[in-house]
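Chemist: One structure coming up, written as structure tokens, with questions to follow.
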Amino acid sequence: HAGDPLLCATGLANIEIVERDNLVENARVVGAYFMEKLLKMQNQYEIAGEARGLGLCLGLELVTDKKSREPNFEGVAAVINYCYENGL
């Protein structure tokens, strides 16, 4: 797609928006805040496994317990359903 002027203009416009609105720095700041909350949950709840990520690409494993660290499929399904039912 590098030779298509429309796609090049679209890409350039996106880069300009990212720079103009300081989106990279915003992702760093908001991501750090969100990671702080995930780490708190990791320490507070038995089913919260490892929190990890960078910027706004973050995640928290749901496990059956911290010792076995086996995936908690029922817990994941419950979170997905809750989010869906609440418009997320």
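As shown in the structure tokens, the chain order sets the letters A, B, ...; within each chain, residues go from 1, and ligands are also counted from 1 in the order they appear.
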What residues in chain A get the DSSP label strand (DSSP E or B)? Please answer as a PyMOL selection string.
Modeler: chain A and resi 48-54+57-63+71
Chemist: Can you write out the residues you just picked, keeping N, CA and C atoms, as a PDB file, in the first residue's frame?
Modeler:
ATOM      1  N   ALA A  48      -6.769 -13.532  41.182  1.00  0.00           N
ATOM      2  CA  ALA A  48      -6.012 -12.622  40.320  1.00  0.00           C
ATOM      3  C   ALA A  48      -4.590 -13.140  40.203  1.00  0.00           C
ATOM      4  N   GLY A  49      -4.239 -13.607  39.002  1.00  0.00           N
ATOM      5  CA  GLY A  49      -2.894 -14.113  38.754  1.00  0.00           C
ATOM      6  C   GLY A  49      -1.941 -12.967  38.454  1.00  0.00           C
ATOM      7  N   GLU A  50      -1.177 -13.115  37.395  1.00  0.00           N
ATOM      8  CA  GLU A  50      -0.161 -12.121  37.050  1.00  0.00           C
ATOM      9  C   GLU A  50      -0.755 -10.947  36.273  1.00  0.00           C
ATOM     10  N   ALA A  51      -0.408  -9.738  36.700  1.00  0.00           N
ATOM     11  CA  ALA A  51      -0.743  -8.521  35.955  1.00  0.00           C
ATOM     12  C   ALA A  51       0.476  -8.174  35.109  1.00  0.00           C
ATOM     13  N   ARG A  52       0.244  -7.849  33.835  1.00  0.00           N
ATOM     14  CA  ARG A  52       1.377  -7.507  32.975  1.00  0.00           C
ATOM     15  C   ARG A  52       0.910  -6.651  31.801  1.00  0.00           C
ATOM     16  N   GLY A  53       1.859  -6.000  31.180  1.00  0.00           N
ATOM     17  CA  GLY A  53       1.554  -5.212  30.004  1.00  0.00           C
ATOM     18  C   GLY A  53       2.390  -3.954  29.940  1.00  0.00           C
ATOM     19  N   LEU A  54       2.096  -3.153  28.914  1.00  0.00           N
ATOM     20  CA  LEU A  54       2.819  -1.909  28.675  1.00  0.00           C
ATOM     21  C   LEU A  54       1.858  -0.912  28.046  1.00  0.00           C
ATOM     22  N   CYS A  57      -1.926  -1.602  26.764  1.00  0.00           N
ATOM     23  CA  CYS A  57      -2.077  -3.022  26.420  1.00  0.00           C
ATOM     24  C   CYS A  57      -1.737  -3.826  27.675  1.00  0.00           C
ATOM     25  N   LEU A  58      -2.732  -3.991  28.537  1.00  0.00           N
ATOM     26  CA  LEU A  58      -2.533  -4.603  29.842  1.00  0.00           C
ATOM     27  C   LEU A  58      -3.451  -5.795  30.025  1.00  0.00           C
ATOM     28  N   GLY A  59      -3.094  -6.659  30.947  1.00  0.00           N
ATOM     29  CA  GLY A  59      -3.951  -7.794  31.232  1.00  0.00           C
ATOM     30  C   GLY A  59      -3.720  -8.334  32.628  1.00  0.00           C
ATOM     31  N   LEU A  60      -4.711  -9.062  33.094  1.00  0.00           N
ATOM     32  CA  LEU A  60      -4.640  -9.713  34.398  1.00  0.00           C
ATOM     33  C   LEU A  60      -5.128 -11.138  34.228  1.00  0.00           C
ATOM     34  N   GLU A  61      -4.259 -12.089  34.529  1.00  0.00           N
ATOM     35  CA  GLU A  61      -4.665 -13.493  34.460  1.00  0.00           C
ATOM     36  C   GLU A  61      -5.678 -13.787  35.551  1.00  0.00           C
ATOM     37  N   LEU A  62      -6.677 -14.578  35.214  1.00  0.00           N
ATOM     38  CA  LEU A  62      -7.592 -15.094  36.225  1.00  0.00           C
ATOM     39  C   LEU A  62      -7.252 -16.562  36.423  1.00  0.00           C
ATOM     40  N   VAL A  63      -6.979 -16.933  37.679  1.00  0.00           N
ATOM     41  CA  VAL A  63      -6.536 -18.278  38.006  1.00  0.00           C
ATOM     42  C   VAL A  63      -7.459 -18.890  39.053  1.00  0.00           C
ATOM     43  N   PRO A  71      -5.556 -21.795  34.840  1.00  0.00           N
ATOM     44  CA  PRO A  71      -6.512 -20.832  34.298  1.00  0.00           C
ATOM     45  C   PRO A  71      -7.905 -21.022  34.886  1.00  0.00           C
TER      46      PRO A  71
END
Chemist: Quick one, how far is CA of Glu74 (chain A) from CA of Ala32 (chain A)?
Modeler: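 Distance between the two atoms: 28.3 Å.
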Chemist: When DSSP is applied to the backbone of this structure, which of chain A are assigned helix (DSSP H, G or I)? Write them out as a ChimeraX atom specification.
Modeler: /A:5-20,23-44,73-85
Chemist: Can I get the selected residues back with C-alpha atoms, as a PDB file, in the first residue's frame?
Modeler:
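Done, and the output landed in selection_37.pdb:
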ATOM      1  CA  PRO A   5      -1.480   8.307  -2.229  1.00  0.00           C
ATOM      2  CA  LEU A   6      -4.782   8.005  -0.351  1.00  0.00           C
ATOM      3  CA  LEU A   7      -3.375   5.430   2.064  1.00  0.00           C
ATOM      4  CA  CYS A   8      -0.205   7.478   2.537  1.00  0.00           C
ATOM      5  CA  ALA A   9      -2.283  10.595   3.320  1.00  0.00           C
ATOM      6  CA  THR A  10      -4.411   8.593   5.752  1.00  0.00           C
ATOM      7  CA  GLY A  11      -1.312   7.250   7.507  1.00  0.00           C
ATOM      8  CA  LEU A  12       0.216  10.718   7.724  1.00  0.00           C
ATOM      9  CA  ALA A  13      -3.018  12.158   9.147  1.00  0.00           C
ATOM     10  CA  ASN A  14      -3.015   9.467  11.837  1.00  0.00           C
ATOM     11  CA  ILE A  15       0.593  10.203  12.766  1.00  0.00           C
ATOM     12  CA  GLU A  16      -0.221  13.917  13.015  1.00  0.00           C
ATOM     13  CA  ILE A  17      -3.170  13.202  15.338  1.00  0.00           C
ATOM     14  CA  VAL A  18      -1.045  10.944  17.562  1.00  0.00           C
ATOM     15  CA  GLU A  19       1.596  13.675  17.847  1.00  0.00           C
ATOM     16  CA  ARG A  20      -0.847  16.620  18.169  1.00  0.00           C
ATOM     17  CA  LEU A  23      -1.429  10.076  22.608  1.00  0.00           C
ATOM     18  CA  VAL A  24       1.781   8.161  23.349  1.00  0.00           C
ATOM     19  CA  GLU A  25       2.400  10.070  26.584  1.00  0.00           C
ATOM     20  CA  ASN A  26      -1.264   9.767  27.524  1.00  0.00           C
ATOM     21  CA  ALA A  27      -1.101   5.990  27.030  1.00  0.00           C
ATOM     22  CA  ARG A  28       1.990   5.867  29.247  1.00  0.00           C
ATOM     23  CA  VAL A  29       0.362   7.865  32.061  1.00  0.00           C
ATOM     24  CA  VAL A  30      -3.042   6.173  31.944  1.00  0.00           C
ATOM     25  CA  GLY A  31      -1.404   2.758  31.506  1.00  0.00           C
ATOM     26  CA  ALA A  32       0.754   3.285  34.599  1.00  0.00           C
ATOM     27  CA  TYR A  33      -2.345   4.227  36.611  1.00  0.00           C
ATOM     28  CA  PHE A  34      -4.248   1.192  35.333  1.00  0.00           C
ATOM     29  CA  MET A  35      -1.280  -1.124  36.011  1.00  0.00           C
ATOM     30  CA  GLU A  36      -1.146   0.176  39.585  1.00  0.00           C
ATOM     31  CA  LYS A  37      -4.789  -0.843  40.028  1.00  0.00           C
ATOM     32  CA  LEU A  38      -4.182  -4.275  38.446  1.00  0.00           C
ATOM     33  CA  LEU A  39      -1.223  -4.915  40.751  1.00  0.00           C
ATOM     34  CA  LYS A  40      -3.409  -3.994  43.728  1.00  0.00           C
ATOM     35  CA  MET A  41      -6.010  -6.507  42.527  1.00  0.00           C
ATOM     36  CA  GLN A  42      -3.267  -9.109  42.023  1.00  0.00           C
ATOM     37  CA  ASN A  43      -2.298  -8.759  45.681  1.00  0.00           C
ATOM     38  CA  GLN A  44      -5.860  -8.528  46.986  1.00  0.00           C
ATOM     39  CA  PHE A  73     -12.124 -20.429  32.648  1.00  0.00           C
ATOM     40  CA  GLU A  74     -15.368 -19.987  34.605  1.00  0.00           C
ATOM     41  CA  GLY A  75     -14.117 -16.712  36.052  1.00  0.00           C
ATOM     42  CA  VAL A  76     -13.106 -15.462  32.613  1.00  0.00           C
ATOM     43  CA  ALA A  77     -16.542 -16.366  31.220  1.00  0.00           C
ATOM     44  CA  ALA A  78     -18.210 -14.534  34.112  1.00  0.00           C
ATOM     45  CA  VAL A  79     -16.149 -11.387  33.463  1.00  0.00           C
ATOM     46  CA  ILE A  80     -16.893 -11.509  29.731  1.00  0.00           C
ATOM     47  CA  ASN A  81     -20.622 -11.933  30.375  1.00  0.00           C
ATOM     48  CA  TYR A  82     -20.651  -9.129  32.954  1.00  0.00           C
ATOM     49  CA  CYS A  83     -18.900  -6.766  30.552  1.00  0.00           C
ATOM     50  CA  TYR A  84     -21.221  -7.705  27.684  1.00  0.00           C
ATOM     51  CA  GLU A  85     -24.341  -7.266  29.804  1.00  0.00           C
TER      52      GLU A  85
END
